[in-house]
file final.cif (mmCIF, C-alpha atoms and all ligand atoms)
data_input
#
loop_
_atom_site.label_atom_id
_atom_site.label_comp_id
_atom_site.auth_asym_id
_atom_site.auth_seq_id
_atom_site.Cartn_x
_atom_site.Cartn_y
_atom_site.Cartn_z
CA MET F 1 99.63 40.56 237.50
CA THR F 2 100.87 40.08 233.93
CA ALA F 3 104.14 41.82 233.13
CA THR F 4 104.88 42.75 229.51
CA ALA F 5 107.83 43.67 227.30
CA HIS F 6 108.33 44.69 223.67
CA GLY F 7 110.27 43.08 220.87
CA LYS F 8 112.27 45.32 218.59
CA ILE F 9 113.04 45.98 214.96
CA ILE F 10 116.36 47.57 214.06
CA LEU F 11 115.51 49.91 211.19
CA LEU F 12 119.14 50.86 210.63
CA GLY F 13 122.44 50.23 212.37
CA GLU F 14 122.79 46.65 213.67
CA HIS F 15 126.35 45.43 214.29
CA ALA F 16 127.76 48.97 214.01
CA VAL F 17 125.92 49.70 217.29
CA VAL F 18 128.15 47.09 218.97
CA TYR F 19 131.14 49.36 218.16
CA GLY F 20 129.51 52.51 219.52
CA ALA F 21 127.67 53.80 216.42
CA ASP F 22 124.04 54.91 216.50
CA ALA F 23 121.25 52.51 215.57
CA LEU F 24 117.68 53.50 214.70
CA ALA F 25 115.25 51.07 216.29
CA ALA F 26 111.56 50.70 217.07
CA SER F 27 109.63 48.48 219.42
CA LEU F 28 107.51 45.60 218.15
CA SER F 29 104.46 44.65 220.22
CA PRO F 30 103.39 42.36 221.65
CA GLY F 31 106.80 40.99 222.64
CA ALA F 32 106.44 38.80 225.71
CA ASP F 33 104.09 38.48 228.71
CA CYS F 34 105.01 36.88 232.01
CA VAL F 35 103.31 35.96 235.27
CA ALA F 36 105.32 34.91 238.34
CA ARG F 37 104.09 32.87 241.30
CA VAL F 38 105.84 31.64 244.43
CA SER F 39 107.11 28.12 243.77
CA ALA F 40 107.49 25.29 246.26
CA GLU F 41 109.51 23.26 243.75
CA GLY F 42 112.39 25.55 242.90
CA THR F 43 112.64 28.23 240.23
CA VAL F 44 111.23 27.27 236.85
CA LEU F 45 110.55 29.21 233.65
CA THR F 46 107.99 27.77 231.23
CA VAL F 47 107.83 29.25 227.75
CA ALA F 48 104.72 29.11 225.58
CA PRO F 49 104.32 28.39 222.72
CA TRP F 50 107.39 26.13 222.88
CA GLY F 51 105.95 24.11 225.78
CA SER F 52 109.44 23.91 227.31
CA SER F 53 110.64 24.46 230.87
CA PHE F 54 113.98 25.79 232.03
CA ARG F 55 115.58 25.64 235.48
CA PRO F 56 118.77 27.13 236.90
CA GLY F 57 121.51 24.53 236.57
CA ASP F 58 119.85 22.59 233.72
CA GLY F 59 122.72 23.50 231.39
CA THR F 60 120.61 25.74 229.11
CA GLU F 61 121.20 29.44 228.55
CA LEU F 62 117.62 30.26 229.55
CA GLY F 63 118.03 28.24 232.74
CA ARG F 64 121.21 30.12 233.54
CA ALA F 65 119.61 33.50 232.70
CA VAL F 66 116.58 32.93 234.93
CA GLY F 67 118.73 31.66 237.82
CA GLN F 68 121.02 34.65 237.56
CA LEU F 69 118.06 37.07 237.38
CA CYS F 70 116.40 35.62 240.50
CA GLU F 71 119.69 35.88 242.36
CA ALA F 72 120.33 39.47 241.23
CA MET F 73 116.80 40.49 242.23
CA GLY F 74 116.98 38.69 245.56
CA SER F 75 113.76 36.81 244.83
CA GLY F 76 112.91 33.45 246.36
CA ASP F 77 111.99 30.44 244.21
CA ALA F 78 109.49 31.46 241.54
CA ALA F 79 107.46 29.78 238.80
CA LEU F 80 107.52 32.08 235.78
CA SER F 81 104.97 31.45 233.00
CA LEU F 82 106.08 33.32 229.93
CA THR F 83 104.32 33.72 226.59
CA LEU F 84 106.56 34.74 223.71
CA HIS F 85 104.84 36.44 220.79
CA LEU F 86 108.00 36.69 218.65
CA PRO F 87 110.02 34.14 216.67
CA GLY F 88 113.02 33.03 218.78
CA GLY F 89 116.39 33.72 217.16
CA GLY F 90 114.72 35.74 214.41
CA GLY F 91 116.47 39.07 215.01
CA VAL F 92 113.45 40.75 216.58
CA GLY F 93 114.65 40.88 220.17
CA SER F 94 113.05 37.76 221.65
CA SER F 95 115.66 37.12 224.35
CA ALA F 96 115.56 40.74 225.57
CA ALA F 97 111.74 40.71 225.63
CA MET F 98 111.84 37.55 227.77
CA GLY F 99 114.36 39.10 230.18
CA VAL F 100 112.42 42.32 230.65
CA ALA F 101 109.09 40.52 231.08
CA CYS F 102 110.63 38.11 233.64
CA ALA F 103 112.26 40.94 235.63
CA ARG F 104 108.99 42.88 235.75
CA ALA F 105 107.05 39.77 236.77
CA LEU F 106 109.50 38.96 239.60
CA ALA F 107 109.31 42.57 240.81
CA ALA F 108 105.50 42.36 240.83
CA LEU F 109 105.78 39.16 242.92
CA GLN F 110 107.96 41.13 245.34
CA GLY F 111 105.25 43.81 245.46
CA ARG F 112 107.28 46.50 243.75
CA SER F 113 107.77 48.01 240.30
CA LEU F 114 111.19 48.69 238.82
CA GLY F 115 112.56 52.06 237.74
CA ASP F 116 114.10 52.20 234.26
CA ALA F 117 117.74 52.13 235.40
CA GLU F 118 117.24 49.12 237.69
CA LEU F 119 115.21 47.23 235.07
CA LEU F 120 117.81 47.93 232.35
CA GLY F 121 120.55 46.68 234.70
CA TYR F 122 118.80 43.33 235.28
CA ALA F 123 117.96 42.99 231.57
CA LEU F 124 121.58 43.65 230.60
CA GLY F 125 122.70 40.83 232.91
CA TRP F 126 120.14 38.55 231.22
CA GLU F 127 121.26 39.54 227.70
CA ARG F 128 124.92 38.90 228.56
CA VAL F 129 124.11 35.22 229.06
CA PHE F 130 123.04 34.99 225.41
CA HIS F 131 125.10 37.59 223.59
CA GLY F 132 128.34 38.07 225.50
CA ASN F 133 128.78 41.72 224.55
CA PRO F 134 125.33 43.16 223.78
CA SER F 135 125.15 46.77 222.64
CA GLY F 136 122.04 47.27 224.78
CA VAL F 137 119.70 48.23 221.95
CA ASP F 138 117.52 45.11 222.32
CA HIS F 139 116.78 45.28 226.03
CA THR F 140 116.45 49.08 226.00
CA LEU F 141 113.71 48.88 223.37
CA ALA F 142 112.18 45.86 225.15
CA ALA F 143 111.85 47.94 228.31
CA LEU F 144 111.11 51.45 227.07
CA GLY F 145 109.33 50.95 223.71
CA GLY F 146 108.89 53.62 221.04
CA VAL F 147 111.16 54.73 218.20
CA GLY F 148 114.58 56.29 218.57
CA LEU F 149 118.30 56.36 218.15
CA PHE F 150 120.38 54.24 220.50
CA SER F 151 124.10 54.26 221.14
CA ARG F 152 126.23 52.82 223.91
CA SER F 153 127.39 56.25 225.03
CA GLU F 154 124.16 58.23 224.67
CA GLY F 155 121.54 55.59 225.38
CA PHE F 156 118.05 55.99 223.91
CA ARG F 157 116.87 59.25 222.32
CA ARG F 158 113.29 59.19 221.10
CA VAL F 159 112.59 60.34 217.54
CA PRO F 160 109.20 61.96 216.97
CA THR F 161 107.46 60.35 213.97
CA ARG F 162 104.65 61.47 211.71
CA GLY F 163 102.03 58.79 212.21
CA ALA F 164 102.46 55.06 212.49
CA LEU F 165 105.40 53.33 210.84
CA ARG F 166 104.24 50.22 208.96
CA LEU F 167 106.70 47.59 207.85
CA CYS F 168 106.52 44.22 206.16
CA VAL F 169 108.39 41.57 208.16
CA GLY F 170 109.34 38.23 206.68
CA ASP F 171 111.08 35.41 208.51
CA SER F 172 113.63 33.71 206.26
CA GLY F 173 113.30 30.55 208.35
CA GLU F 174 117.11 30.41 208.60
CA ARG F 175 118.41 30.55 212.17
CA SER F 176 121.67 31.95 213.47
CA SER F 177 123.23 32.80 216.79
CA THR F 178 123.59 36.53 217.50
CA LYS F 179 126.78 35.82 219.43
CA GLU F 180 128.32 33.93 216.50
CA MET F 181 127.36 36.67 214.03
CA VAL F 182 128.81 39.39 216.32
CA ASP F 183 131.97 37.27 216.77
CA GLY F 184 132.21 36.91 212.98
CA VAL F 185 132.25 40.69 212.52
CA ALA F 186 134.86 40.97 215.28
CA ARG F 187 137.08 38.45 213.45
CA LEU F 188 136.64 40.37 210.18
CA ARG F 189 137.63 43.53 212.05
CA GLU F 190 140.82 41.85 213.27
CA ARG F 191 141.75 41.01 209.68
CA ARG F 192 140.61 44.30 208.08
CA PRO F 193 140.35 46.91 210.85
CA GLU F 194 140.28 49.97 208.62
CA ALA F 195 137.62 48.67 206.25
CA VAL F 196 135.36 47.52 209.09
CA ASP F 197 135.78 50.74 211.07
CA ARG F 198 134.86 52.79 208.00
CA THR F 199 131.81 50.62 207.44
CA VAL F 200 130.78 51.03 211.07
CA GLU F 201 131.14 54.79 210.75
CA ALA F 202 129.11 54.83 207.53
CA ILE F 203 126.34 52.75 209.11
CA GLY F 204 126.19 55.21 212.03
CA VAL F 205 125.71 58.08 209.59
CA VAL F 206 123.03 56.12 207.76
CA ALA F 207 121.18 55.57 211.07
CA ARG F 208 121.32 59.25 212.03
CA ASN F 209 120.15 60.31 208.57
CA GLY F 210 117.40 57.72 208.86
CA ALA F 211 116.21 59.42 212.05
CA LEU F 212 115.99 62.72 210.15
CA ALA F 213 114.09 61.07 207.29
CA LEU F 214 111.69 59.44 209.74
CA GLN F 215 111.10 62.70 211.55
CA ALA F 216 110.43 64.49 208.24
CA GLY F 217 108.05 61.74 207.04
CA ASP F 218 110.40 61.08 204.08
CA ALA F 219 109.61 57.44 203.31
CA GLY F 220 111.61 57.48 200.06
CA GLY F 221 114.72 58.73 201.87
CA LEU F 222 114.31 56.17 204.64
CA GLY F 223 113.90 53.38 202.08
CA GLU F 224 117.10 54.37 200.25
CA LEU F 225 118.97 54.37 203.53
CA MET F 226 117.65 50.86 204.27
CA ASN F 227 118.99 49.63 200.92
CA LEU F 228 122.34 51.29 201.55
CA ASN F 229 122.46 49.74 205.03
CA GLN F 230 121.76 46.31 203.56
CA ASN F 231 124.77 46.67 201.23
CA LEU F 232 126.98 47.75 204.13
CA LEU F 233 125.77 44.78 206.20
CA ALA F 234 126.51 42.44 203.30
CA SER F 235 130.06 43.84 203.23
CA LEU F 236 130.33 42.77 206.90
CA LEU F 237 129.39 39.25 205.71
CA VAL F 238 126.21 38.97 207.79
CA SER F 239 123.74 38.64 204.91
CA THR F 240 122.81 35.37 203.19
CA GLU F 241 121.63 34.45 199.72
CA ARG F 242 118.11 33.91 201.06
CA LEU F 243 118.03 37.30 202.81
CA GLU F 244 119.27 38.95 199.59
CA ASP F 245 116.54 37.16 197.60
CA LEU F 246 113.85 38.34 200.03
CA CYS F 247 115.13 41.94 199.88
CA ALA F 248 115.30 41.85 196.06
CA SER F 249 111.79 40.42 195.87
CA ALA F 250 110.44 43.17 198.16
CA ARG F 251 112.09 45.89 196.05
CA SER F 252 110.75 44.48 192.81
CA SER F 253 107.28 44.37 194.42
CA GLY F 254 107.48 48.12 195.03
CA ALA F 255 109.22 48.43 198.42
CA LEU F 256 111.12 51.70 198.87
CA GLY F 257 113.72 49.83 200.90
CA ALA F 258 114.47 46.40 202.33
CA LYS F 259 117.10 44.92 204.59
CA LEU F 260 117.84 42.23 207.12
CA THR F 261 117.09 43.14 210.73
CA GLY F 262 119.02 41.96 213.78
CA ALA F 263 122.19 39.92 213.66
CA GLY F 264 121.68 38.45 210.17
CA GLY F 265 122.93 35.05 209.02
CA GLY F 266 119.19 34.35 208.73
CA GLY F 267 116.28 35.65 210.78
CA CYS F 268 113.96 38.36 209.52
CA VAL F 269 113.96 40.92 206.73
CA ILE F 270 112.00 44.16 206.82
CA ALA F 271 110.61 46.15 203.91
CA LEU F 272 109.19 49.66 203.80
CA ALA F 273 106.46 49.63 201.17
CA PRO F 274 103.70 52.14 201.90
CA GLY F 275 100.62 51.11 199.93
CA ARG F 276 102.42 48.12 198.36
CA GLU F 277 102.45 45.80 201.36
CA PRO F 278 100.15 43.14 199.80
CA GLU F 279 102.45 42.90 196.75
CA VAL F 280 105.52 42.48 198.96
CA LEU F 281 103.83 39.74 201.00
CA ARG F 282 102.69 37.96 197.80
CA GLY F 283 106.26 38.05 196.46
CA TRP F 284 107.55 36.52 199.69
CA THR F 285 104.84 33.87 199.68
CA ALA F 286 106.08 32.79 196.24
CA LEU F 287 109.49 32.31 197.90
CA GLY F 288 107.94 30.23 200.69
CA VAL F 289 107.89 32.95 203.36
CA GLU F 290 104.75 34.03 205.22
CA GLY F 291 105.31 37.69 205.96
CA ARG F 292 103.12 40.07 207.90
CA VAL F 293 102.57 43.80 208.18
CA VAL F 294 103.41 45.34 211.56
CA GLU F 295 103.14 48.79 213.06
CA VAL F 296 106.28 49.49 215.04
CA GLY F 297 107.11 51.95 217.79
CA ARG F 298 103.71 52.03 219.43
O1 LIG C 1 119.62 39.36 216.56
P1 LIG C 1 119.19 40.29 217.65
O2 LIG C 1 117.73 40.54 217.69
O3 LIG C 1 119.70 39.86 219.00
O4 LIG C 1 119.88 41.71 217.34
C1 LIG C 1 121.27 41.86 217.46
C2 LIG C 1 121.72 43.24 217.13
C3 LIG C 1 123.26 43.37 217.04
O5 LIG C 1 123.54 44.72 216.72
C4 LIG C 1 123.82 42.49 215.94
C5 LIG C 1 123.94 42.98 218.36
C6 LIG C 1 123.80 44.00 219.47
O6 LIG C 1 124.16 43.65 220.60
O7 LIG C 1 123.38 45.15 219.21
#
call {"tool": "encode", "arguments": {"input": "final.cif", "output": "structure tokens"}}
result
Amino acid sequence: MTATAHGKIILLGEHAVVYGADALAASLSPGADCVARVSAEGTVLTVAPWGSSFRPGDGTELGRAVGQLCEAMGSGDAALSLTLHLPGGGGVGSSAAMGVACARALAALQGRSLGDAELLGYALGWERVFHGNPSGVDHTLAALGGVGLFSRSEGFRRVPTRGALRLCVGDSGERSSTKEMVDGVARLRERRPEAVDRTVEAIGVVARNGALALQAGDAGGLGELMNLNQNLLASLLVSTERLEDLCASARSSGALGAKLTGAGGGGCVIALAPGREPEVLRGWTALGVEGRVVEVGR
């Protein structure tokens, strides 16, 4: 049986969510698929399309994550064949999608299916290997899908939307480590606690207002909030010149709003541009980025 998991797009609220603020996020599908078989040669995770294999004790984070997951789930040695449909390290929740798909595949091998709480527990353990102190937004969306507000204290609250939400997604090609970006914000907070705490608070308000705009079908309002969020993220020093260029290009091509998504320092940008998606993608192509249009939260 093939187990699946979603990727995710943070519409508003990354980084602030680490400090307890709300984030507005939507699932991105397909994320990852995984099939598990009993293995006679020890536990191994193979990841397509990379063509790489990972084993517990091989010194890689993925090896460690899969070893820890098998132990937590009490599974015997397993061969996990995973297909990732997302760019790794691109801010769209690839590691969480892998963790959720692997946990579901191992459960299927054990002849059971996991309840939400148990699945989220295993996925959190997986995410900790990569991110140290994950807010939980990635693996929650990977497991549950849909669109909603997420906070550490209140978990996931679905937001009803009017029709499909279409976004342009462009991968800057720059890569960063989520852990390093989160650590960078923590260091900034040590130096300037008041400024960072106010920014975190403001981002939380932006995310909650974004949920209202989304619910009301107010694309213009949502776009403005995305632009505001991008400025607040830049003040946390997680944007880059290339991400700023891609956002500026999207806006000048008619996007109502554009911002980085995920940890920043590279990775993907998103743009909300109803009816102007081809123009946004053409603008990005001129900057050397192949974007695509996705429907999120399905
Ligand atoms: O870069 P990603 O896809 O792992 O997203 C990280 C989102 C952060 O808010 C920066 C971290 C977190 O744990 O929520």
call {"tool": "residues_near_point", "arguments": {"input": "final.cif", "point": "(123.0, 31.9, 204.6)", "cutoff": "12 Å", "atoms": "all atoms listed in the file", "output": "MDAnalysis selection string"}}
result
chainID F and resid 172:176 181 234 237:245 260 264:267
call {"tool": "closest_atom_pairs", "arguments": {"input": "final.cif", "of": "chain F", "to": "ligand LIG 1 (chain C)", "cutoff": "9 Å", "atoms": "only C-alpha atoms and all ligand atoms", "output": "JSON lines"}}
result
{"residue": "F:Gly7", "atom": "CA", "partner": "C:LIG1", "partner_atom": "O2", "distance": 8.5}
{"residue": "F:Lys8", "atom": "CA", "partner": "C:LIG1", "partner_atom": "O2", "distance": 7.3}
{"residue": "F:Ile9", "atom": "CA", "partner": "C:LIG1", "partner_atom": "O2", "distance": 7.7}
{"residue": "F:Ile10", "atom": "CA", "partner": "C:LIG1", "partner_atom": "C2", "distance": 7.5}
{"residue": "F:Gly13", "atom": "CA", "partner": "C:LIG1", "partner_atom": "O5", "distance": 7.1}
{"residue": "F:Glu14", "atom": "CA", "partner": "C:LIG1", "partner_atom": "O5", "distance": 3.7}
{"residue": "F:His15", "atom": "CA", "partner": "C:LIG1", "partner_atom": "O5", "distance": 3.8}
{"residue": "F:Ala16", "atom": "CA", "partner": "C:LIG1", "partner_atom": "O5", "distance": 6.6}
{"residue": "F:Val17", "atom": "CA", "partner": "C:LIG1", "partner_atom": "O5", "distance": 5.5}
{"residue": "F:Val18", "atom": "CA", "partner": "C:LIG1", "partner_atom": "O7", "distance": 5.2}
{"residue": "F:Tyr19", "atom": "CA", "partner": "C:LIG1", "partner_atom": "O7", "distance": 8.9}
{"residue": "F:Ala23", "atom": "CA", "partner": "C:LIG1", "partner_atom": "O5", "distance": 8.2}
{"residue": "F:Gly88", "atom": "CA", "partner": "C:LIG1", "partner_atom": "O2", "distance": 8.9}
{"residue": "F:Gly89", "atom": "CA", "partner": "C:LIG1", "partner_atom": "O1", "distance": 6.5}
{"residue": "F:Gly90", "atom": "CA", "partner": "C:LIG1", "partner_atom": "O1", "distance": 6.5}
{"residue": "F:Gly91", "atom": "CA", "partner": "C:LIG1", "partner_atom": "O2", "distance": 3.3}
{"residue": "F:Val92", "atom": "CA", "partner": "C:LIG1", "partner_atom": "O2", "distance": 4.4}
{"residue": "F:Gly93", "atom": "CA", "partner": "C:LIG1", "partner_atom": "O2", "distance": 4.0}
{"residue": "F:Ser94", "atom": "CA", "partner": "C:LIG1", "partner_atom": "O2", "distance": 6.7}
{"residue": "F:Ser95", "atom": "CA", "partner": "C:LIG1", "partner_atom": "O3", "distance": 7.2}
{"residue": "F:Ala96", "atom": "CA", "partner": "C:LIG1", "partner_atom": "O3", "distance": 7.8}
{"residue": "F:Glu127", "atom": "CA", "partner": "C:LIG1", "partner_atom": "O6", "distance": 8.7}
{"residue": "F:Phe130", "atom": "CA", "partner": "C:LIG1", "partner_atom": "O3", "distance": 8.7}
{"residue": "F:His131", "atom": "CA", "partner": "C:LIG1", "partner_atom": "O6", "distance": 6.8}
{"residue": "F:Gly132", "atom": "CA", "partner": "C:LIG1", "partner_atom": "O6", "distance": 8.5}
{"residue": "F:Asn133", "atom": "CA", "partner": "C:LIG1", "partner_atom": "O6", "distance": 6.4}
{"residue": "F:Pro134", "atom": "CA", "partner": "C:LIG1", "partner_atom": "O6", "distance": 3.4}
{"residue": "F:Ser135", "atom": "CA", "partner": "C:LIG1", "partner_atom": "O6", "distance": 3.9}
{"residue": "F:Gly136", "atom": "CA", "partner": "C:LIG1", "partner_atom": "O6", "distance": 5.9}
{"residue": "F:Val137", "atom": "CA", "partner": "C:LIG1", "partner_atom": "O7", "distance": 5.5}
{"residue": "F:Asp138", "atom": "CA", "partner": "C:LIG1", "partner_atom": "O4", "distance": 6.5}
{"residue": "F:Ser176", "atom": "CA", "partner": "C:LIG1", "partner_atom": "O1", "distance": 8.3}
{"residue": "F:Ser177", "atom": "CA", "partner": "C:LIG1", "partner_atom": "O1", "distance": 7.5}
{"residue": "F:Thr178", "atom": "CA", "partner": "C:LIG1", "partner_atom": "O1", "distance": 5.0}
{"residue": "F:Lys179", "atom": "CA", "partner": "C:LIG1", "partner_atom": "C5", "distance": 7.8}
{"residue": "F:Met181", "atom": "CA", "partner": "C:LIG1", "partner_atom": "C4", "distance": 7.1}
{"residue": "F:Val182", "atom": "CA", "partner": "C:LIG1", "partner_atom": "C4", "distance": 5.9}
{"residue": "F:Thr261", "atom": "CA", "partner": "C:LIG1", "partner_atom": "O4", "distance": 7.3}
{"residue": "F:Gly262", "atom": "CA", "partner": "C:LIG1", "partner_atom": "O4", "distance": 3.7}
{"residue": "F:Ala263", "atom": "CA", "partner": "C:LIG1", "partner_atom": "C4", "distance": 3.8}
{"residue": "F:Gly264", "atom": "CA", "partner": "C:LIG1", "partner_atom": "O1", "distance": 6.8}
{"residue": "F:Gly267", "atom": "CA", "partner": "C:LIG1", "partner_atom": "O1", "distance": 7.6}
call {"tool": "closest_residue", "arguments": {"input": "final.cif", "among": "F:Val169, F:Ala65, F:Leu80, F:Leu24", "to": "F:Leu212", "atoms": "only C-alpha atoms"}}
result
F:Leu24
call {"tool": "closest_residue", "arguments": {"input": "final.cif", "among": "F:Leu82, F:Val66, F:Leu144, F:Val289", "to": "F:Arg157", "atoms": "only C-alpha atoms"}}
result
F:Leu144
call {"tool": "closest_residue", "arguments": {"input": "final.cif", "among": "F:Pro278, F:Gly57, F:Pro160, F:Gly111", "to": "F:Ala213", "atoms": "all atoms listed in the file"}}
result
F:Pro160
call {"tool": "decode", "arguments": {"input": "final.cif", "residues": "stretch 124-140 of chain F", "atoms": "N, CA, C and O atoms", "output": "mmCIF file, in the first residue's frame"}}
result
data_model
loop_
_atom_site.group_PDB
_atom_site.id
_atom_site.type_symbol
_atom_site.label_atom_id
_atom_site.label_comp_id
_atom_site.auth_asym_id
_atom_site.auth_seq_id
_atom_site.Cartn_x
_atom_site.Cartn_y
_atom_site.Cartn_z
ATOM 1 N N LEU F 124 6.691 14.663 14.664
ATOM 2 C CA LEU F 124 7.418 15.684 15.424
ATOM 3 C C LEU F 124 8.826 15.181 15.764
ATOM 4 O O LEU F 124 9.808 15.915 15.634
ATOM 5 N N GLY F 125 8.921 13.912 16.167
ATOM 6 C CA GLY F 125 10.234 13.319 16.461
ATOM 7 C C GLY F 125 11.133 13.372 15.233
ATOM 8 O O GLY F 125 12.324 13.705 15.315
ATOM 9 N N TRP F 126 10.581 13.088 14.076
ATOM 10 C CA TRP F 126 11.306 13.134 12.796
ATOM 11 C C TRP F 126 11.787 14.561 12.531
ATOM 12 O O TRP F 126 12.958 14.791 12.205
ATOM 13 N N GLU F 127 10.886 15.533 12.651
ATOM 14 C CA GLU F 127 11.216 16.928 12.352
ATOM 15 C C GLU F 127 12.298 17.476 13.287
ATOM 16 O O GLU F 127 13.106 18.306 12.891
ATOM 17 N N ARG F 128 12.303 16.982 14.522
ATOM 18 C CA ARG F 128 13.309 17.467 15.486
ATOM 19 C C ARG F 128 14.724 17.136 15.035
ATOM 20 O O ARG F 128 15.668 17.849 15.351
ATOM 21 N N VAL F 129 14.874 16.037 14.304
ATOM 22 C CA VAL F 129 16.208 15.674 13.808
ATOM 23 C C VAL F 129 16.736 16.775 12.885
ATOM 24 O O VAL F 129 17.914 17.111 12.907
ATOM 25 N N PHE F 130 15.829 17.371 12.104
ATOM 26 C CA PHE F 130 16.269 18.360 11.109
ATOM 27 C C PHE F 130 16.247 19.785 11.653
ATOM 28 O O PHE F 130 17.088 20.596 11.297
ATOM 29 N N HIS F 131 15.247 20.098 12.456
ATOM 30 C CA HIS F 131 14.999 21.505 12.786
ATOM 31 C C HIS F 131 15.238 21.873 14.237
ATOM 32 O O HIS F 131 15.078 23.033 14.592
ATOM 33 N N GLY F 132 15.568 20.932 15.084
ATOM 34 C CA GLY F 132 15.820 21.267 16.486
ATOM 35 C C GLY F 132 14.555 21.635 17.237
ATOM 36 O O GLY F 132 14.083 20.890 18.085
ATOM 37 N N ASN F 133 13.971 22.794 16.873
ATOM 38 C CA ASN F 133 12.830 23.303 17.636
ATOM 39 C C ASN F 133 11.679 23.663 16.689
ATOM 40 O O ASN F 133 11.293 24.831 16.598
ATOM 41 N N PRO F 134 11.124 22.662 15.978
ATOM 42 C CA PRO F 134 10.100 22.988 14.982
ATOM 43 C C PRO F 134 8.806 23.468 15.633
ATOM 44 O O PRO F 134 8.427 22.970 16.696
ATOM 45 N N SER F 135 8.163 24.429 14.981
ATOM 46 C CA SER F 135 6.891 24.929 15.540
ATOM 47 C C SER F 135 5.803 23.869 15.442
ATOM 48 O O SER F 135 4.860 23.880 16.217
ATOM 49 N N GLY F 136 5.922 22.989 14.442
ATOM 50 C CA GLY F 136 4.894 21.966 14.238
ATOM 51 C C GLY F 136 4.014 22.239 13.033
ATOM 52 O O GLY F 136 3.234 21.388 12.622
ATOM 53 N N VAL F 137 4.164 23.438 12.430
ATOM 54 C CA VAL F 137 3.266 23.765 11.317
ATOM 55 C C VAL F 137 3.505 22.828 10.129
ATOM 56 O O VAL F 137 2.545 22.366 9.496
ATOM 57 N N ASP F 138 4.765 22.498 9.848
ATOM 58 C CA ASP F 138 5.068 21.682 8.667
ATOM 59 C C ASP F 138 4.452 20.287 8.772
ATOM 60 O O ASP F 138 3.754 19.836 7.869
ATOM 61 N N HIS F 139 4.741 19.603 9.864
ATOM 62 C CA HIS F 139 4.267 18.204 9.918
ATOM 63 C C HIS F 139 2.761 18.124 10.154
ATOM 64 O O HIS F 139 2.123 17.155 9.757
ATOM 65 N N THR F 140 2.185 19.164 10.764
ATOM 66 C CA THR F 140 0.727 19.163 10.949
ATOM 67 C C THR F 140 0.038 19.269 9.586
ATOM 68 O O THR F 140 -0.903 18.521 9.288
#
